[in-house]
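One structure is given here, and the rest of the page talks about it.
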Amino acid sequence: MSTIAPKFRLGYFIKSLLDNIFWIIILLTLIGIPAIQVALFFIDLPVIDGELLTPFLALTWLADPSRTLPIVKTLMQTDFFKIAVFPGFGFAALLAAGTIFIERKLLAKLQLRVGPFYCGKIEGILQLMGDGLKLISKEIIIPAKADKPIFWVAPLLFVGTAAAFIALIPVSPGWVIADLDVGLLAFFAIIGFFPIITVLSSWSANSKFPFIGGIRALHQMVSFEIPLILSLLGIVILTGSLNLSEIVESQYNFPWIIFMPIGAIVFFIAMLAELERIPFDLPEAESEIVAGWLTEFSGMMYGLVQLGSYLKLYAFAALFVVLFLGGWNGPMIIPQFPQEIITDGIELGPISVTIPGLPLFTPEMLNGTFWFTIKTVSVIFFILIPRGVFPRIRIDLLLHIGWYKLIGLAFVNIFISLSLLYAGVLGPGGMML
Amino acid sequence: MADITFVMISVFTVGCAIASLELRSLIYGSISLMGSLLGIAFFFLLLDSPFVAMFQVAVYVGSIAVLILFTVMLVKRELIFNKIEDPKRKYAGLVLMLVLITGMGSVIIDSGLKSVDTNTTPIDFGEIGEDFLTYYWPALIIMALILSSSITGALVLARREDIENEQHSD
């Protein structure tokens, strides 16, 4: 039972909602519908196909699936749908939100705690919604001596850059927002923006803990970008393409992690450092420098930075899947859409309805999305687990790992892929492509 | 349509370049330098060469601008706002700029740029790579040697044995 609102019961809340719905229905039938009828006397209704478009006819059209499904299907082909809903923001934000909740519960279980528990009836499932409401309703406090324009813009830029990263990820065949010929290079260009935004926001807060965190983030991100980029060159050499969709298609038989395990390990470690995850979370080391470069952010600005960092986590995990684990490739498990529904229509007892525009999704797309999601979620799981296991490492050890060991291993990976290419095993003109 | 885009990008790039020189705050100056470098990347996109544009963003905005920002932030705060003004320098700079613009402009206009066919297909970056490995291979090898020697030199210079021995002794 909550101590803040001791009288609160979920039953009372639902009862008040039902009361409100009851009164809305009563008022609508007694006042609303007569008012609409009176208003219809004075309005000239349009005539479409020789029929007067009364409100009843319009409602019938809206409820008719044979008229609405083609509209929905056209809508799904638009860029807006791709950016806002499926391979884009909606899908990524859903996975990111799930990641936040799973992370908190998983860490709690690893450390023999309970974790989020009271918000929502089952295992604190509504905790995320509660946190979001809290962040939105909190006041945004800006330090008096902060550089205000940069400080305001930095969280927005952070989310924007993470979203630009997501735009490059191919989720299933043809479902990608920006299918660039130089997709991998665009990825290199985009991750270059994160240290700039971090260091600018930490400088603009004009406070010592953010600045220390920002300088740490800059060191860490700039030095781990190099092994990150070098570890991917082997794939580019063997695939002969920078297009991410083509890289996925090239892994139809085998994912690249089989031939380049060293590259995958280097990419994974560099990815942890770029994401500022434990054991590389020096930029926001909460036990040393308050919250690092996030110290002065409050309210929804903090929420935006958190959203951006979890979107970035999803994007990096998805990129790992695309480059090393074969992306959407996997055994076909989704059954084919029954052909007689398209030709004969749906039969429900005495009536049979033919609905144009079915099926909404091809089985290939559903299958690709399924395998992509499974793989991405498991990679996210492997990103989360070190947080419960490892301590934070020292910054000189971190830079030492980055500059000496990972770069060396990345070059070893490049030589392995070159030898595979020149031995004629893989690559353009090789056995498997 | 491309003309409007071209004009907007030009205004953005030149405006950012002027701002990066004229702004009193060094941080804002380096941000506008970043803007002008981004504008040049947009020009490469307009010229149908996304490969060069992405490298422009990755190298100039992603690395060089970070380097400049980092250096500026290590400068003392009083020095950032310190004003050094010399009217003679300003006029000399203006004259130098005019000379450069007329010289380079005359060279560019005279170079047959007007007769370039603009409807050709964009150059594939695979061809650039092939050219590098066949016709320009000595240049590639010299560049690789210079880069690797400079990286080795940087690593040697950055290595401090006293600190390293202290840390690895335990």
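Identifiers for the structure tokens are assigned positionally: chains receive A, B, ... in sequence, residues are indexed from 1 per chain, and ligands are indexed from 1 in the order shown.
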| said: Env of Val266 in chain A: 9 Å cut, atoms = only C-alpha atoms, seq-sep filter 6 positions within chain, self excluded. Answer as a list in words. | reply: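 In the requested format, the answer is Pro227, Leu228, Ser231, Leu406, Ile407, Leu409 and Ala410 of chain A.
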| task | Run DSSP on the backbone and grab whatever in range 228-385 of chain A lands in strand (DSSP E or B); send it over as a ChimeraX atom specification. | result | /A:346-348,351-353
Restricting it to N, CA and C atoms, dump the selection as an mmCIF file, in the first residue's frame.
```cif
data_model
loop_
_atom_site.group_PDB
_atom_site.id
_atom_site.type_symbol
_atom_site.label_atom_id
_atom_site.label_comp_id
_atom_site.auth_asym_id
_atom_site.auth_seq_id
_atom_site.Cartn_x
_atom_site.Cartn_y
_atom_site.Cartn_z
ATOM 1 N N ILE A 346 -13.754 -14.333 -47.018
ATOM 2 C CA ILE A 346 -13.950 -14.975 -45.718
ATOM 3 C C ILE A 346 -15.399 -15.419 -45.605
ATOM 4 N N GLU A 347 -15.626 -16.691 -45.236
ATOM 5 C CA GLU A 347 -16.996 -17.179 -45.076
ATOM 6 C C GLU A 347 -17.323 -17.292 -43.602
ATOM 7 N N LEU A 348 -18.344 -16.570 -43.195
ATOM 8 C CA LEU A 348 -18.794 -16.614 -41.798
ATOM 9 C C LEU A 348 -20.233 -17.071 -41.816
ATOM 10 N N ILE A 351 -22.859 -15.735 -44.722
ATOM 11 C CA ILE A 351 -22.338 -14.699 -45.612
ATOM 12 C C ILE A 351 -20.881 -14.962 -45.941
ATOM 13 N N SER A 352 -20.447 -14.471 -47.074
ATOM 14 C CA SER A 352 -19.042 -14.555 -47.460
ATOM 15 C C SER A 352 -18.600 -13.173 -47.920
ATOM 16 N N VAL A 353 -17.519 -12.665 -47.326
ATOM 17 C CA VAL A 353 -17.058 -11.304 -47.603
ATOM 18 C C VAL A 353 -15.724 -11.377 -48.317
#
```
| Got a sec to pull out which chain B residues are within 9 Å of chain A, counting only C-alpha atoms, and send them as an MDAnalysis selection string? | chainID B and resid 27 50:51 54:59 61:63 65:66 69:70 73 126
Contacts between range 91-115 of chain A and range 119-148 of chain A, please, where a residue of range 119-148 of chain A counts if it comes within 9 Å (with only C-alpha atoms); show its shortest atom pair and distance in Å to one decimal, rows by chain and ascending number, as a Markdown table.
```
| residue | atom | partner | partner_atom | distance |
| --- | --- | --- | --- | --- |
| A:Glu123 | CA | A:Gly115 | CA | 8.5 |
| A:Gly124 | CA | A:Gly115 | CA | 8.1 |
| A:Ile125 | CA | A:Phe101 | CA | 7.9 |
| A:Gln127 | CA | A:Phe101 | CA | 7.8 |
| A:Leu128 | CA | A:Phe101 | CA | 6.7 |
```
| request: Would you please work out which residue, of A:Asp79, A:Glu225, A:Glu296, A:Glu249, is nearest to Ala270 in chain A when using only C-alpha atoms? | output: A:Glu225
| task | Calculate how many Å separate CA of Leu59 in chain A from CA of Trp23 in chain A, rounding to one decimal. | result |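 Here the two named atoms are 23.5 Å from each other.
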| request: Using CA of Phe132 in chain B and CA of Leu244 in chain A as the two end points, give the distance in Å to one decimal. | output: 23.8 Å
| query | At what distance in Å, to one decimal, does CA of Ser298 in chain A lie from CA of Ile140 in chain A? | reply |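 Going from CA of Ile140 in chain A over to CA of Ser298 in chain A covers 5.3 Å.
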| What lies within 6 Å of Ser172 in chain A using only C-alpha atoms, ignoring chain neighbours under 3 positions off, as an MDAnalysis selection string? | chainID A and resid 175 328 365 368:369
| request: Among the residues of range 368-402 of chain A, find those DSSP assigns to helix (DSSP H, G or I) from the backbone and print them as an MDAnalysis selection string. | output: chainID A and resid 368:384 386:389 395:402
| field | Selection near Ala19 in chain B, 9 Å with only C-alpha atoms, sequence-local residues under 2 positions removed, as an NGL selection string | value | :B and (14-17 or 21-23 or 28-29 or 32-33)
| request: Determine the nearest neighbour of Trp293 in chain A from the options A:Ile212, A:Leu168, A:Ile278, A:Val236, counting only C-alpha atoms. | output: A:Ile212
